[in-house]
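To start, the structure itself, in structure tokens.
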Amino acid sequence: MGDKRVVMLGVGLVRFSRYPDKSAEDLGREAALAALEDAGIDFKDVEAGFYGRVERAVGGGMRTFGELGQHGIPVTNVELACASSSRGALLAADLIRGGLYDVCMVIGVEKMGRGMLGGGGEAGYQTQMGMFLLPGLYAMMAQRHMHLYGTKREHFAQVSVKAHRNGVLNPNAQYQKELTLEEVLNSRLIADPITLYQCCPTTDGASAVILCSEKYARQHTTRPVYLTAWAAGTPMYVPGESALAEGPTKVLADKVYDASGLRPEDVDVVQLHDAFSPGEVLGVEELGFCRPGEGGPFVWEGNTEINGKKPVNTDGGLLSRGHPMGATGGAMITEITRQLRGEAGPRQVKDARVGLLHNAGIGGINVMAFQV
Amino acid sequence: MTATQADEKPKRVVPLREGLFRIPKSPGEKPALIASRCPRCGEHFFPKRAICLACGQVGLEEAYLTGPGKIWTFTIARMTPPGSLIEAPYVVAQVELPERVIVTSVLSDCDVDSVRVDMPVELVLEKVKEDDEGNDVVAFKFKLMQ
């Protein structure tokens, strides 16, 4: 591939938590400084910025990047709900691979209130009819999966048990406390079969990732982590099928496998979108790690544990790491990058050389492959 | 206006949202969802849209879907979300109609724990609230067929 690969040069996070006394700009700045230090470069070396944030903030990207410096670079606000900052990274990668820039930075930020998310600006038909229920989408996917394949509630709940166990090993996770299967199953039912502890929390936090060209990377690191292939998409119309999913995950994963020459068996570490626990059961099928319908037993039998066949969300995922919507994509990229560098400490997957990321939001899905 | 005239103002039935469903005007008429039908390939869509997703035809005809249908999938909402007129527990379902359209809706009051995929359901209209003028505001739901 010569000089055309994209490198993840620097990553940084502000621990996902609640920050009533910090502004979005404060959080973004702190994450960005961590990423710049990790990359070993100055902000003045960044040539373009992308700002992942869901809450509409006119000029938000300009203000947050402006905290770091003001040398006139283009900064673009990217909103793709829970997949905003990974979409920002894809856009940056497109530009770097296309030869327009050598160095780009993506900052993802969110500050959220507590409680169930409401129906956006319009208190419209869906909201009044009780249909704007975010766990409801995943719950309906889970119910059909249970009907078609005999998947059990325990299978979904196990996703949360593993997520919280991994969160204990992650100093940047919002929740760092184990939960038992009974605690998960017995927590408040929100939308059957999803209980409270199978829902991601609301969170404040920020992430920052710095991408660069392969040429630039040679002067700045001896152990580059390459972003080798990526694909993005919106839901595809299929007559007689329900458009429950946020996008065509399997189609995108196949594109990424094709473009990178990788197969599902080659993937050592995974970040996938577990906003609600069924996301992981369905995700491992759609990403090709097991056959359709086998996702439940695949998770139940421990295959997605850190020491399992296909480690998923080694840092706790959305469920335990937390979910500041705009920042999550960048946090996924950060964990994969650290894993591939061998810097994941107690969460380290042995010999991790290939990482796969799947980040979903209302508006689309991003899939990315990383290699060393 | 005299007091007598004000008292005699008749109560109307109005839809929660215009353009989604047809309210029966005569006793024999069934409620129906207002859908789109492609004049070129025959595909149906609900809610209405302007362009066919199957063949790209611009300009679709109006069609009325009366059901019945069957449950494609569902969930039981155990927590009433913000702004909802409907109190938990209730069932949110995706209903498959014979025209290969899948409609998201709530089910009419039922034993929520008895609901299963593939159960047959019929289209109904139910009052969900009253407006400021005292009219009945109705929405469409699906009801388990016994």
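Every chain in the structure tokens has a letter given in the order shown (A, B, ...), and although residue numbers restart at 1 in each chain, ligands are simply numbered from 1 in the order shown.
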Query raised in the report: Which neighbours of Asn186 in chain A fall inside 12 Å, counting only C-alpha atoms, when residues of the same chain fewer than 5 positions from it are skipped, and could you give them as a ChimeraX atom specification?
Result: /A:153-154,157,179-181,193-198
Report task. Please identify all polymer residues within 12 Å of Val75 in chain A, counting only C-alpha atoms, omitting same-chain residues fewer than 3 positions from it, and present them as a ChimeraX atom specification. Result -> /A:46-52,59-66,70-72,78,88,91-92,104-107
Query raised in the report: Just asking: which residues within range 34-252 of chain A are strand (DSSP E) according to DSSP, as a PyMOL selection string?
Result: chain A and resi 48-52+75-78+103-110+189-191+194-195+204-213+225-233
Residue subset to file, keeping C-alpha atoms, as a PDB file, in the first residue's frame:
ATOM      1  CA  ALA A  48      -7.785  20.013  10.143  1.00  0.00           C
ATOM      2  CA  GLY A  49     -10.185  19.275  12.975  1.00  0.00           C
ATOM      3  CA  PHE A  50     -13.424  17.371  13.375  1.00  0.00           C
ATOM      4  CA  TYR A  51     -15.720  17.834  16.365  1.00  0.00           C
ATOM      5  CA  GLY A  52     -18.019  14.988  17.313  1.00  0.00           C
ATOM      6  CA  VAL A  75     -12.870  22.657  11.869  1.00  0.00           C
ATOM      7  CA  THR A  76     -16.058  20.767  11.044  1.00  0.00           C
ATOM      8  CA  ASN A  77     -18.832  19.748  13.404  1.00  0.00           C
ATOM      9  CA  VAL A  78     -19.869  16.133  12.822  1.00  0.00           C
ATOM     10  CA  VAL A 103      -2.335  15.487  10.334  1.00  0.00           C
ATOM     11  CA  CYS A 104      -5.938  15.726  11.546  1.00  0.00           C
ATOM     12  CA  MET A 105      -7.491  15.664  14.990  1.00  0.00           C
ATOM     13  CA  VAL A 106     -10.931  14.472  16.041  1.00  0.00           C
ATOM     14  CA  ILE A 107     -12.294  15.680  19.375  1.00  0.00           C
ATOM     15  CA  GLY A 108     -15.477  14.064  20.686  1.00  0.00           C
ATOM     16  CA  VAL A 109     -17.382  15.610  23.592  1.00  0.00           C
ATOM     17  CA  GLU A 110     -20.698  15.248  25.326  1.00  0.00           C
ATOM     18  CA  LEU A 189     -37.060  -3.846  33.485  1.00  0.00           C
ATOM     19  CA  ILE A 190     -37.161  -0.994  30.993  1.00  0.00           C
ATOM     20  CA  ALA A 191     -38.277  -2.620  27.733  1.00  0.00           C
ATOM     21  CA  ILE A 194     -33.710  -5.129  28.631  1.00  0.00           C
ATOM     22  CA  THR A 195     -33.196  -4.259  32.282  1.00  0.00           C
ATOM     23  CA  ASP A 204     -20.053  13.459  30.446  1.00  0.00           C
ATOM     24  CA  GLY A 205     -16.680  12.980  28.840  1.00  0.00           C
ATOM     25  CA  ALA A 206     -14.334  13.613  25.954  1.00  0.00           C
ATOM     26  CA  SER A 207     -11.994  11.762  23.653  1.00  0.00           C
ATOM     27  CA  ALA A 208      -9.419  12.910  21.153  1.00  0.00           C
ATOM     28  CA  VAL A 209      -7.612  11.023  18.403  1.00  0.00           C
ATOM     29  CA  ILE A 210      -4.911  12.240  16.043  1.00  0.00           C
ATOM     30  CA  LEU A 211      -4.603  10.640  12.625  1.00  0.00           C
ATOM     31  CA  CYS A 212      -1.715  11.192  10.249  1.00  0.00           C
ATOM     32  CA  SER A 213      -0.279  10.045   6.956  1.00  0.00           C
ATOM     33  CA  VAL A 225      -0.954   1.604  14.494  1.00  0.00           C
ATOM     34  CA  TYR A 226      -2.509   1.626  11.037  1.00  0.00           C
ATOM     35  CA  LEU A 227      -6.117   2.340  10.210  1.00  0.00           C
ATOM     36  CA  THR A 228      -6.210   0.093   7.168  1.00  0.00           C
ATOM     37  CA  ALA A 229      -9.838  -0.010   6.013  1.00  0.00           C
ATOM     38  CA  TRP A 230     -13.121   1.629   6.824  1.00  0.00           C
ATOM     39  CA  ALA A 231     -16.738   1.737   5.656  1.00  0.00           C
ATOM     40  CA  ALA A 232     -19.814   3.738   6.583  1.00  0.00           C
ATOM     41  CA  GLY A 233     -23.509   3.439   5.754  1.00  0.00           C
TER      42      GLY A 233
END
**Report entry** Pick from B:Ala32, B:Leu53, B:Ile102, B:Leu85 nearest to Val137 in chain B, counting only C-alpha atoms
**Finding:**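 Of all the options, B:Leu85 lies closest to Val137 in chain B.
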Mind dumping a table of every chain A residue within 7 Å of chain B, with the nearest atom pair and its distance in Å to one decimal, using only C-alpha atoms, sorted by chain and rising number, as JSON lines?
{"residue": "A:Gly118", "atom": "CA", "partner": "B:Pro82", "partner_atom": "CA", "distance": 5.8}
{"residue": "A:Ala123", "atom": "CA", "partner": "B:Gly83", "partner_atom": "CA", "distance": 6.9}
{"residue": "A:Tyr125", "atom": "CA", "partner": "B:Arg17", "partner_atom": "CA", "distance": 6.5}
{"residue": "A:Thr127", "atom": "CA", "partner": "B:Ser84", "partner_atom": "CA", "distance": 5.7}
{"residue": "A:Gln128", "atom": "CA", "partner": "B:Ser84", "partner_atom": "CA", "distance": 4.2}
{"residue": "A:Met129", "atom": "CA", "partner": "B:Ser84", "partner_atom": "CA", "distance": 5.7}
{"residue": "A:Gly130", "atom": "CA", "partner": "B:Ser84", "partner_atom": "CA", "distance": 4.6}
{"residue": "A:Met131", "atom": "CA", "partner": "B:Val92", "partner_atom": "CA", "distance": 6.7}
{"residue": "A:Leu133", "atom": "CA", "partner": "B:Pro81", "partner_atom": "CA", "distance": 6.4}
{"residue": "A:Gly136", "atom": "CA", "partner": "B:Thr75", "partner_atom": "CA", "distance": 6.5}
{"residue": "A:Ala139", "atom": "CA", "partner": "B:Thr75", "partner_atom": "CA", "distance": 5.9}
{"residue": "A:Met140", "atom": "CA", "partner": "B:Phe74", "partner_atom": "CA", "distance": 5.0}
{"residue": "A:Gln143", "atom": "CA", "partner": "B:Thr73", "partner_atom": "CA", "distance": 6.3}
{"residue": "A:Arg144", "atom": "CA", "partner": "B:Thr73", "partner_atom": "CA", "distance": 5.4}
{"residue": "A:His147", "atom": "CA", "partner": "B:Val117", "partner_atom": "CA", "distance": 6.9}
{"residue": "A:Leu189", "atom": "CA", "partner": "B:Arg78", "partner_atom": "CA", "distance": 6.0}
{"residue": "A:Ile190", "atom": "CA", "partner": "B:Arg78", "partner_atom": "CA", "distance": 5.0}
{"residue": "A:Ala191", "atom": "CA", "partner": "B:Ala77", "partner_atom": "CA", "distance": 4.4}
{"residue": "A:Asp192", "atom": "CA", "partner": "B:Ile76", "partner_atom": "CA", "distance": 5.0}
{"residue": "A:Tyr237", "atom": "CA", "partner": "B:Leu53", "partner_atom": "CA", "distance": 6.9}
{"residue": "A:Pro239", "atom": "CA", "partner": "B:Arg100", "partner_atom": "CA", "distance": 6.8}
{"residue": "A:Gly240", "atom": "CA", "partner": "B:Arg100", "partner_atom": "CA", "distance": 4.7}
{"residue": "A:Ser242", "atom": "CA", "partner": "B:Ile102", "partner_atom": "CA", "distance": 6.0}
**Report entry** For Gln339 in chain A: contacts at 8 Å, only C-alpha atoms, fewer than 2 positions along chain excluded, given as a PyMOL selection string
**Finding:** chain A and resi 269+335-337+341-344+348-349+352
Requested in this report: Go through A:Lys309, A:Gln158, A:Glu178, A:Asp254 one by one, measure the shortest atom-to-atom distance of each to Val281 in chain A using only C-alpha atoms, and give the residue with the smallest value.
Outcome: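 Under the stated criterion, the closest residue is A:Gln158.
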Requested in this report: Rounded to one decimal place, report the CA of Tyr216 in chain A-CA of Ala369 in chain A distance in Å.
Outcome: 20.2 Å
Query raised in the report: Could you name the residues that touch Lys310 in chain A at 7 Å or less, counting only C-alpha atoms, but leaving out those on the same chain fewer than 5 positions away, as a list in words?
Result: Asp268, Val269, Asn303 and Thr304 of chain A
Would you write out those residues with N, CA and C atoms, as a PDB file, in the first residue's frame?
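selection.pdb, written as the output of this step:
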ATOM      1  N   ASP A 268      -8.282  -9.783  16.448  1.00  0.00           N
ATOM      2  CA  ASP A 268      -7.832 -10.125  17.806  1.00  0.00           C
ATOM      3  C   ASP A 268      -8.606  -9.387  18.894  1.00  0.00           C
ATOM      4  N   VAL A 269      -9.078  -8.197  18.579  1.00  0.00           N
ATOM      5  CA  VAL A 269      -9.751  -7.388  19.600  1.00  0.00           C
ATOM      6  C   VAL A 269     -10.823  -6.531  18.916  1.00  0.00           C
ATOM      7  N   ASN A 303     -16.710 -16.350  24.994  1.00  0.00           N
ATOM      8  CA  ASN A 303     -15.836 -16.065  23.857  1.00  0.00           C
ATOM      9  C   ASN A 303     -15.456 -14.595  23.733  1.00  0.00           C
ATOM     10  N   THR A 304     -16.273 -13.701  24.300  1.00  0.00           N
ATOM     11  CA  THR A 304     -15.982 -12.271  24.162  1.00  0.00           C
ATOM     12  C   THR A 304     -15.279 -11.691  25.394  1.00  0.00           C
TER      13      THR A 304
END
